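A.B. asks: If it helps, the file is called data.txt and holds compact mmCIF, C-alpha atoms:
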# COMPACT_ATOMS: atom_id res chain seq x y z
CA MET A 1 -92.13 125.02 79.09
CA ARG A 2 -93.96 128.06 80.33
CA PRO A 3 -97.74 127.91 80.84
CA PRO A 4 -100.05 129.19 78.10
CA ASP A 5 -100.67 132.92 77.78
CA HIS A 6 -103.13 134.27 80.36
CA ALA A 7 -103.00 130.99 82.30
CA ALA A 8 -103.17 132.67 85.69
CA ARG A 9 -104.46 136.13 84.87
CA HIS A 10 -108.01 135.53 83.68
CA THR A 11 -110.54 136.63 86.28
CA GLY A 12 -113.48 137.76 84.14
CA PRO A 13 -116.72 135.92 83.43
CA MET A 14 -116.59 132.80 81.30
CA HIS A 15 -119.31 131.11 79.29
CA THR A 16 -119.94 127.76 80.89
CA HIS A 17 -120.87 124.37 79.51
CA THR A 18 -123.07 122.07 81.48
CA SER A 19 -124.39 119.33 79.19
CA SER A 20 -121.45 117.32 77.93
CA SER A 21 -122.20 113.60 78.04
CA GLY A 22 -118.53 112.70 78.47
CA PRO A 23 -115.44 114.27 80.05
CA VAL A 24 -112.60 116.16 78.44
CA LEU A 25 -109.35 114.21 78.74
CA VAL A 26 -106.10 116.19 79.04
CA VAL A 27 -103.01 114.14 78.12
CA GLU A 28 -99.99 116.28 79.00
CA ASP A 29 -96.70 115.22 80.59
CA GLU A 30 -95.97 118.65 82.10
CA ARG A 31 -98.01 118.29 85.26
CA PRO A 32 -98.29 122.01 86.16
CA LEU A 33 -99.53 122.78 82.66
CA ALA A 34 -101.94 119.83 82.72
CA GLN A 35 -103.35 121.11 86.01
CA ILE A 36 -103.78 124.64 84.67
CA VAL A 37 -105.57 123.39 81.56
CA ALA A 38 -107.79 121.02 83.56
CA ASP A 39 -108.67 123.77 86.05
CA TYR A 40 -109.56 126.19 83.28
CA LEU A 41 -111.74 123.61 81.55
CA ALA A 42 -113.43 122.87 84.86
CA LYS A 43 -114.20 126.58 85.29
CA ALA A 44 -115.83 126.49 81.87
CA GLY A 45 -118.11 123.68 83.08
CA TYR A 46 -116.32 120.61 81.74
CA ASP A 47 -115.50 117.46 83.65
CA ALA A 48 -111.73 117.39 83.04
CA ILE A 49 -109.52 114.35 83.59
CA GLN A 50 -105.74 114.55 83.32
CA VAL A 51 -103.08 111.91 82.70
CA HIS A 52 -99.39 112.34 81.95
CA THR A 53 -98.11 109.52 79.73
CA GLY A 54 -99.03 108.14 76.34
CA PRO A 55 -100.11 104.68 77.54
CA ASP A 56 -102.20 106.27 80.31
CA GLY A 57 -103.84 108.49 77.69
CA VAL A 58 -104.94 105.47 75.67
CA SER A 59 -106.19 103.68 78.79
CA ALA A 60 -108.07 106.74 80.05
CA ALA A 61 -109.72 107.26 76.66
CA ARG A 62 -110.83 103.63 76.69
CA ASP A 63 -112.07 103.71 80.29
CA HIS A 64 -113.80 107.12 80.36
CA ASP A 65 -115.10 107.50 76.78
CA PRO A 66 -114.29 111.25 76.64
CA ASP A 67 -116.08 113.56 74.25
CA LEU A 68 -112.79 115.32 73.55
CA VAL A 69 -109.07 114.80 74.16
CA VAL A 70 -106.50 117.58 74.47
CA LEU A 71 -103.44 115.60 73.41
CA ASP A 72 -99.83 116.75 73.69
CA LEU A 73 -97.55 115.56 70.92
CA GLY A 74 -94.47 114.92 73.08
CA LEU A 75 -95.37 112.28 75.66
CA PRO A 76 -93.35 109.61 77.50
CA GLY A 77 -94.04 105.97 76.75
CA LEU A 78 -96.00 106.63 73.55
CA ASP A 79 -95.96 109.86 71.58
CA GLY A 80 -99.08 111.83 70.75
CA VAL A 81 -99.27 110.59 67.17
CA GLU A 82 -99.34 106.96 68.30
CA VAL A 83 -101.80 107.77 71.10
CA CYS A 84 -104.08 109.40 68.52
CA ARG A 85 -103.74 106.42 66.22
CA GLU A 86 -104.62 104.02 69.06
CA ILE A 87 -107.61 106.07 70.24
CA ARG A 88 -108.97 106.13 66.70
CA THR A 89 -109.23 102.34 66.73
CA PHE A 90 -112.01 102.48 69.33
CA SER A 91 -113.28 106.05 69.74
CA ASP A 92 -114.70 108.88 67.61
CA CYS A 93 -113.99 111.50 70.28
CA TYR A 94 -112.69 114.87 69.16
CA ILE A 95 -108.93 115.24 69.42
CA ILE A 96 -107.10 118.56 69.65
CA MET A 97 -103.38 117.96 69.15
CA VAL A 98 -101.00 120.26 71.02
CA THR A 99 -97.52 120.75 69.55
CA ALA A 100 -94.54 122.30 71.31
CA ARG A 101 -93.34 124.08 68.19
CA ASP A 102 -94.85 125.50 65.04
CA ASP A 103 -93.70 122.56 62.93
CA GLU A 104 -95.84 121.93 59.87
CA ILE A 105 -94.88 118.25 59.65
CA ASP A 106 -96.19 117.65 63.19
CA LYS A 107 -99.54 119.12 62.20
CA LEU A 108 -99.71 117.13 58.98
CA ILE A 109 -98.95 113.87 60.76
CA GLY A 110 -101.34 114.58 63.63
CA LEU A 111 -104.23 115.45 61.33
CA GLY A 112 -103.39 112.49 59.11
CA VAL A 113 -103.88 109.96 61.90
CA GLY A 114 -107.21 111.39 63.01
CA ALA A 115 -106.74 114.59 65.03
CA ASP A 116 -109.46 117.16 64.36
CA ASP A 117 -107.58 120.32 65.28
CA TYR A 118 -104.23 121.53 66.61
CA LEU A 119 -102.79 124.25 68.83
CA THR A 120 -99.17 125.37 69.15
CA LYS A 121 -97.66 126.09 72.56
CA PRO A 122 -97.83 128.60 74.12
CA PHE A 123 -101.55 129.02 73.55
CA SER A 124 -104.26 131.14 75.11
CA LEU A 125 -106.54 129.21 77.43
CA ARG A 126 -109.44 131.28 76.12
CA GLU A 127 -108.63 129.98 72.64
CA LEU A 128 -108.39 126.40 73.88
CA VAL A 129 -111.83 126.61 75.50
CA ALA A 130 -113.25 128.22 72.35
CA ARG A 131 -111.87 125.33 70.27
CA VAL A 132 -113.33 122.80 72.73
CA GLN A 133 -116.72 124.50 72.64
CA ALA A 134 -116.72 124.65 68.85
CA ALA A 135 -115.76 120.96 68.54
CA LEU A 136 -118.43 119.79 70.98
CA ARG A 137 -121.15 121.58 69.05
CA ARG A 138 -120.56 118.93 66.38
CA PRO A 139 -122.39 115.72 67.31
CA ARG A 140 -120.16 112.68 67.64
CA ALA A 141 -120.65 110.19 64.83
CA SER A 142 -121.58 107.37 67.21
CA ARG A 143 -124.39 109.49 68.67
CA LEU A 144 -125.98 110.73 65.45
CA ALA A 145 -129.60 109.76 65.01
CA VAL A 146 -130.94 109.52 61.46
CA ALA A 147 -134.67 109.64 60.84
CA PRO A 148 -136.06 106.56 59.06
CA ASP A 149 -137.11 108.62 56.03
CA ALA A 150 -133.96 110.75 55.91
CA ASP A 151 -131.77 110.79 52.80
CA HIS A 152 -128.76 108.63 53.55
CA GLY A 153 -126.28 110.01 51.07
CA TRP A 154 -125.24 109.75 47.45
CA ALA A 155 -123.62 107.55 44.85
CA PHE A 156 -121.22 108.89 42.26
CA ASP A 157 -119.13 107.25 39.57
CA GLY A 158 -117.05 104.84 41.63
CA LEU A 159 -117.79 106.49 44.98
CA THR A 160 -120.62 106.19 47.52
CA VAL A 161 -121.13 108.40 50.55
CA ASP A 162 -123.57 107.10 53.17
CA THR A 163 -124.42 109.74 55.77
CA ALA A 164 -126.41 107.33 57.94
CA THR A 165 -123.57 104.89 58.53
CA ARG A 166 -120.86 107.48 57.79
CA GLU A 167 -119.28 105.02 55.42
CA VAL A 168 -117.56 105.70 52.11
CA THR A 169 -116.79 103.10 49.47
CA ARG A 170 -114.62 103.47 46.40
CA ALA A 171 -115.16 100.90 43.65
CA GLY A 172 -117.02 98.87 46.27
CA VAL A 173 -114.11 98.89 48.74
CA PRO A 174 -114.56 100.66 52.12
CA VAL A 175 -112.45 103.80 52.55
CA ALA A 176 -111.27 104.61 56.07
CA LEU A 177 -111.81 108.34 56.55
CA THR A 178 -111.37 110.34 59.71
CA ARG A 179 -114.50 112.05 61.02
CA THR A 180 -113.34 115.43 59.74
CA GLU A 181 -112.45 114.05 56.30
CA PHE A 182 -115.91 112.50 56.09
CA ASP A 183 -117.62 115.71 57.20
CA ILE A 184 -115.78 117.75 54.56
CA LEU A 185 -116.58 115.20 51.86
CA ALA A 186 -120.27 115.05 52.83
CA ALA A 187 -120.57 118.84 53.02
CA LEU A 188 -119.15 119.24 49.51
CA ALA A 189 -120.91 116.22 47.99
CA GLU A 190 -124.28 117.55 49.10
CA HIS A 191 -123.84 120.45 46.65
CA PRO A 192 -122.06 119.17 43.51
CA ARG A 193 -120.33 121.83 41.41
CA ARG A 194 -120.83 124.54 44.01
CA ALA A 195 -117.63 126.29 45.07
CA PHE A 196 -117.05 126.82 48.79
CA SER A 197 -114.39 128.99 50.38
CA ARG A 198 -112.19 127.53 53.09
CA GLN A 199 -114.02 129.63 55.65
CA GLN A 200 -117.39 128.36 54.47
CA ILE A 201 -116.13 124.79 54.82
CA VAL A 202 -114.82 125.60 58.31
CA ASP A 203 -118.22 127.02 59.27
CA MET A 204 -120.00 123.91 57.95
CA VAL A 205 -117.66 121.37 59.54
CA TRP A 206 -116.08 122.97 62.62
CA GLY A 207 -118.78 125.54 63.31
CA GLU A 208 -118.83 129.32 63.22
CA GLY A 209 -117.28 129.65 66.68
CA TRP A 210 -114.06 127.87 65.72
CA GLY A 211 -111.12 130.27 65.78
CA GLY A 212 -108.32 128.40 64.04
CA ASP A 213 -106.59 128.84 60.70
CA ALA A 214 -108.96 128.07 57.81
CA HIS A 215 -106.04 126.56 55.87
CA ILE A 216 -106.46 123.46 58.06
CA VAL A 217 -109.01 122.56 55.37
CA ASP A 218 -106.15 122.15 52.86
CA VAL A 219 -104.50 119.50 55.02
CA HIS A 220 -107.68 117.47 55.42
CA VAL A 221 -108.54 117.75 51.72
CA ALA A 222 -105.04 116.55 50.80
CA HIS A 223 -105.47 113.47 53.01
CA LEU A 224 -108.98 112.94 51.63
CA ARG A 225 -107.79 113.03 48.01
CA ARG A 226 -105.09 110.46 48.69
CA LYS A 227 -107.78 108.09 49.93
CA ILE A 228 -110.47 108.53 47.28
CA ASP A 229 -108.50 109.32 44.09
CA ASP A 230 -106.08 107.26 42.00
CA ASP A 231 -104.11 110.41 41.25
CA PRO A 232 -104.64 113.22 43.80
CA ALA A 233 -102.99 115.64 41.36
CA THR A 234 -105.93 115.17 38.97
CA PRO A 235 -108.87 114.69 41.35
CA ARG A 236 -112.11 113.09 40.18
CA TYR A 237 -114.15 114.27 43.14
CA VAL A 238 -112.84 117.25 45.14
CA ASP A 239 -111.41 119.96 42.93
CA THR A 240 -109.53 123.13 43.84
CA VAL A 241 -111.13 126.43 42.88
CA ARG A 242 -108.23 128.84 42.62
CA GLY A 243 -108.56 131.87 44.83
CA VAL A 244 -111.68 130.46 46.46
CA GLY A 245 -111.47 126.99 47.96
CA TYR A 246 -112.96 123.66 46.86
CA ARG A 247 -115.92 122.07 45.11
CA PHE A 248 -117.21 118.56 44.49
CA ILE A 249 -117.09 117.93 40.75
CA ALA A 250 -118.80 114.53 40.30
CA GLU A 251 -122.53 114.40 39.62
CA PRO A 252 -124.70 112.01 41.67
CA VAL A 253 -125.70 108.79 39.95
CA ARG A 254 -128.39 107.84 42.47
CA GLU A 255 -129.26 108.11 46.14
CA ALA A 256 -126.94 105.96 48.27
CA ALA A 257 -129.89 104.59 50.20
CA GLU A 258 -133.58 104.61 49.38
How does the structure come out when it is put into structure tokens?

C.D. replies:
Amino acid sequence: MRPPDHAARHTGPMHTHTSSSGPVLVVEDERPLAQIVADYLAKAGYDAIQVHTGPDGVSAARDHDPDLVVLDLGLPGLDGVEVCREIRTFSDCYIIMVTARDDEIDKLIGLGVGADDYLTKPFSLRELVARVQAALRRPRASRLAVAPDADHGWAFDGLTVDTATREVTRAGVPVALTRTEFDILAALAEHPRRAFSRQQIVDMVWGEGWGGDAHIVDVHVAHLRRKIDDDPATPRYVDTVRGVGYRFIAEPVREAAE
């Protein structure tokens, strides 16, 4: 596998990052590529750690509590999907899945088990750093601080969304959402009936500096609907606005927390 585009040719200035509270973990079995990615992230001001197998990726995520993981899909010992699934049992770090081919099913599976974003090899290192920067502008759920008098969310017919605890219940039963699924749901639920384009949702959830395909929203919304609706084909909560994007169609019953 050849290195990403521009891997060795970039010599110009780079915006640096100096305040991350945790490292960036690179899990990539191709050692030369892992080194190139780690070096480039280091030049951008990130503390980059690299490991080369699936089990080592899980262990490193547990030991180092990274803010973000760049996770290759094809790994020895444990593939990237299973690594992502394992990491999600103990960490809310951002995960950018890297696939070796432009295979839609890989992206669907990766996002379904908790990845926040994906890149297809070969990728530009500039783009990777831009995605990392955009992700880390979003505060991690475990580090969010909610003011005592802040509104904590909303209750709808059969659904509650608590923004303080980042918990969702459906008919009183907890619903396990990924961070990105929750962020999309909360962004839409805050403005019932208002239609948002995919790009507006990207800007609200990923941030304006994110440079990926806005249709990633469709994948996350599809997973979200399967979790909160009896019949995703006739959604009660997140509706499709043809030619635009999505809107939340249920009206609030009461505040989720007083």

A.B. asks: Near A:Val70, within 8 Å and counting all atoms listed in the file, which residues show up once chain neighbours fewer than 6 positions away are dropped, as a ChimeraX atom specification?

C.D. replies: /A:24-27,95-98

A.B. asks: Any idea what the distance is between atom CA of A:His215 and atom CA of A:Pro66?

C.D. replies: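 About the pair atom CA of A:His215 and atom CA of A:Pro66: they are 27.1 Å apart.
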
A.B. asks: What does the distance between atom CA of A:Ala176 and atom CA of A:Gly110 come to in Å, to one decimal place?

C.D. replies: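 Going from atom CA of A:Ala176 over to atom CA of A:Gly110, I get 16.0 Å.
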
A.B. asks: So how far away is atom CA of A:Arg193 from atom CA of A:Gly245, in Å?

C.D. replies: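 One can read the atom CA of A:Gly245 to atom CA of A:Arg193 distance as 12.2 Å.
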
A.B. asks: Nearest to A:Asp157 among A:Ala34, A:Ala44, A:Leu185, A:Ile249, with distances taken over only C-alpha atoms: which residue is it?

C.D. replies: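 So, comparing all the options, the nearest one is A:Ile249.
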
A.B. asks: Name the residues in contact with A:Leu128 at a cut-off of 12 Å, using only C-alpha atoms, excluding same-chain residues fewer than 4 positions from it; report them as a short mmCIF file (atom, residue, chain, number, x, y, z; two decimals) with C-alpha atoms, in the coordinates of the input.

C.D. replies:
data_model
loop_
_atom_site.label_atom_id
_atom_site.label_comp_id
_atom_site.auth_asym_id
_atom_site.auth_seq_id
_atom_site.Cartn_x
_atom_site.Cartn_y
_atom_site.Cartn_z
CA PRO A 4 -100.05 129.19 78.10
CA ASP A 5 -100.67 132.92 77.78
CA HIS A 6 -103.13 134.27 80.36
CA ALA A 7 -103.00 130.99 82.30
CA VAL A 24 -112.60 116.16 78.44
CA VAL A 26 -106.10 116.19 79.04
CA ILE A 36 -103.78 124.64 84.67
CA VAL A 37 -105.57 123.39 81.56
CA ALA A 38 -107.79 121.02 83.56
CA TYR A 40 -109.56 126.19 83.28
CA LEU A 41 -111.74 123.61 81.55
CA ALA A 44 -115.83 126.49 81.87
CA LEU A 68 -112.79 115.32 73.55
CA VAL A 69 -109.07 114.80 74.16
CA VAL A 70 -106.50 117.58 74.47
CA LEU A 71 -103.44 115.60 73.41
CA ILE A 96 -107.10 118.56 69.65
CA MET A 97 -103.38 117.96 69.15
CA VAL A 98 -101.00 120.26 71.02
CA ASP A 117 -107.58 120.32 65.28
CA TYR A 118 -104.23 121.53 66.61
CA LEU A 119 -102.79 124.25 68.83
CA THR A 120 -99.17 125.37 69.15
CA LYS A 121 -97.66 126.09 72.56
CA PRO A 122 -97.83 128.60 74.12
CA PHE A 123 -101.55 129.02 73.55
CA SER A 124 -104.26 131.14 75.11
CA VAL A 132 -113.33 122.80 72.73
CA GLN A 133 -116.72 124.50 72.64
CA ALA A 134 -116.72 124.65 68.85
CA ALA A 135 -115.76 120.96 68.54
CA GLY A 209 -117.28 129.65 66.68
CA TRP A 210 -114.06 127.87 65.72
CA GLY A 211 -111.12 130.27 65.78
CA GLY A 212 -108.32 128.40 64.04
#

A.B. asks: Please list as a PyMOL selection string every residue within 7 Å of A:His52, counting all atoms listed in the file and excluding residues in the same chain fewer than 5 positions away.

C.D. replies: chain A and resi 27-29+31

A.B. asks: May I have the residues within 9 Å of A:Glu190 as an MDAnalysis selection string, using all atoms listed in the file and disregarding those fewer than 4 positions away in the same chain?

C.D. replies: chainID A and resid 153:154 185:186 248

A.B. asks: If you count all atoms listed in the file, which residues fall within 9 Å of stretch 216-224 of chain A, apart from same-chain ones fewer than 2 positions away, as a list of chain:residue names?

C.D. replies: A:Lys107, A:Leu108, A:Leu111, A:Gly112, A:Asp117, A:Leu177, A:Thr178, A:Thr180, A:Glu181, A:Phe182, A:Ile184, A:Leu185, A:Arg198, A:Gln199, A:Ile201, A:Val202, A:Gly212, A:Asp213, A:Ala214, A:Arg226, A:Lys227, A:Ile228, A:Asp229, A:Pro232, A:Val238, A:Gly245, A:Tyr246

A.B. asks: For the residues in that selection, give me C-alpha atoms as a PDB file, keeping the file's coordinate frame.

C.D. replies:
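The result, written out as out_17.pdb:
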ATOM      1  CA  LYS A 107     -99.540 119.120  62.200  1.00  0.00           C
ATOM      2  CA  LEU A 108     -99.710 117.130  58.980  1.00  0.00           C
ATOM      3  CA  LEU A 111    -104.230 115.450  61.330  1.00  0.00           C
ATOM      4  CA  GLY A 112    -103.390 112.490  59.110  1.00  0.00           C
ATOM      5  CA  ASP A 117    -107.580 120.320  65.280  1.00  0.00           C
ATOM      6  CA  LEU A 177    -111.810 108.340  56.550  1.00  0.00           C
ATOM      7  CA  THR A 178    -111.370 110.340  59.710  1.00  0.00           C
ATOM      8  CA  THR A 180    -113.340 115.430  59.740  1.00  0.00           C
ATOM      9  CA  GLU A 181    -112.450 114.050  56.300  1.00  0.00           C
ATOM     10  CA  PHE A 182    -115.910 112.500  56.090  1.00  0.00           C
ATOM     11  CA  ILE A 184    -115.780 117.750  54.560  1.00  0.00           C
ATOM     12  CA  LEU A 185    -116.580 115.200  51.860  1.00  0.00           C
ATOM     13  CA  ARG A 198    -112.190 127.530  53.090  1.00  0.00           C
ATOM     14  CA  GLN A 199    -114.020 129.630  55.650  1.00  0.00           C
ATOM     15  CA  ILE A 201    -116.130 124.790  54.820  1.00  0.00           C
ATOM     16  CA  VAL A 202    -114.820 125.600  58.310  1.00  0.00           C
ATOM     17  CA  GLY A 212    -108.320 128.400  64.040  1.00  0.00           C
ATOM     18  CA  ASP A 213    -106.590 128.840  60.700  1.00  0.00           C
ATOM     19  CA  ALA A 214    -108.960 128.070  57.810  1.00  0.00           C
ATOM     20  CA  ARG A 226    -105.090 110.460  48.690  1.00  0.00           C
ATOM     21  CA  LYS A 227    -107.780 108.090  49.930  1.00  0.00           C
ATOM     22  CA  ILE A 228    -110.470 108.530  47.280  1.00  0.00           C
ATOM     23  CA  ASP A 229    -108.500 109.320  44.090  1.00  0.00           C
ATOM     24  CA  PRO A 232    -104.640 113.220  43.800  1.00  0.00           C
ATOM     25  CA  VAL A 238    -112.840 117.250  45.140  1.00  0.00           C
ATOM     26  CA  GLY A 245    -111.470 126.990  47.960  1.00  0.00           C
ATOM     27  CA  TYR A 246    -112.960 123.660  46.860  1.00  0.00           C
TER      28      TYR A 246
END

A.B. asks: Can you work out which one of A:Cys93, A:Leu136, A:Ile109, A:Ala250 has the shortest atom-to-atom distance to A:Gly207, counting only C-alpha atoms?

C.D. replies: A:Leu136

A.B. asks: Looking at A:Gln35, A:Thr53, A:Gln200, A:Ser59, which one is nearest to A:Pro76, with distances taken over all atoms listed in the file?

C.D. replies: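 Nearest candidate to A:Pro76 out of A:Gln35, A:Thr53, A:Gln200, A:Ser59: A:Thr53.
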
A.B. asks: For a quick check of understanding, using all atoms listed in the file, which of A:Arg179, A:Val51, A:Arg62, A:Pro192 has the smallest distance to A:Arg166?

C.D. replies: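 Going through A:Arg179, A:Val51, A:Arg62, A:Pro192 one by one, the smallest distance to A:Arg166 is for A:Arg179.
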
A.B. asks: Anything within 8 Å of (-102.5, 110.4, 69.8): list those residues as a compact mmCIF listing (two decimals) with C-alpha atoms, keeping the file's coordinate frame, counting all atoms listed in the file and sticking to the file's coordinates.

C.D. replies:
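This is the output file selection_6.txt:
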# COMPACT_ATOMS: atom_id res chain seq x y z
CA GLY A 54 -99.03 108.14 76.34
CA LEU A 71 -103.44 115.60 73.41
CA ASP A 72 -99.83 116.75 73.69
CA LEU A 73 -97.55 115.56 70.92
CA ASP A 79 -95.96 109.86 71.58
CA GLY A 80 -99.08 111.83 70.75
CA VAL A 81 -99.27 110.59 67.17
CA GLU A 82 -99.34 106.96 68.30
CA VAL A 83 -101.80 107.77 71.10
CA CYS A 84 -104.08 109.40 68.52
CA ARG A 85 -103.74 106.42 66.22
CA GLU A 86 -104.62 104.02 69.06
CA ILE A 87 -107.61 106.07 70.24
CA MET A 97 -103.38 117.96 69.15
CA GLY A 110 -101.34 114.58 63.63
CA ALA A 115 -106.74 114.59 65.03

A.B. asks: Looking at A:Leu188, A:Ala233, A:Leu159, A:Val205, which one is nearest to A:Pro174, with distances taken over only C-alpha atoms?

C.D. replies: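 Comparing A:Leu188, A:Ala233, A:Leu159, A:Val205 against A:Pro174, the winner is A:Leu159.
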
A.B. asks: Restricting the calculation to only C-alpha atoms: of A:Ala48, A:Ala130, A:Val253, A:Ala100, which residue gets closest to A:Trp206?

C.D. replies: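 Of all the options, A:Ala130 lies closest to A:Trp206.
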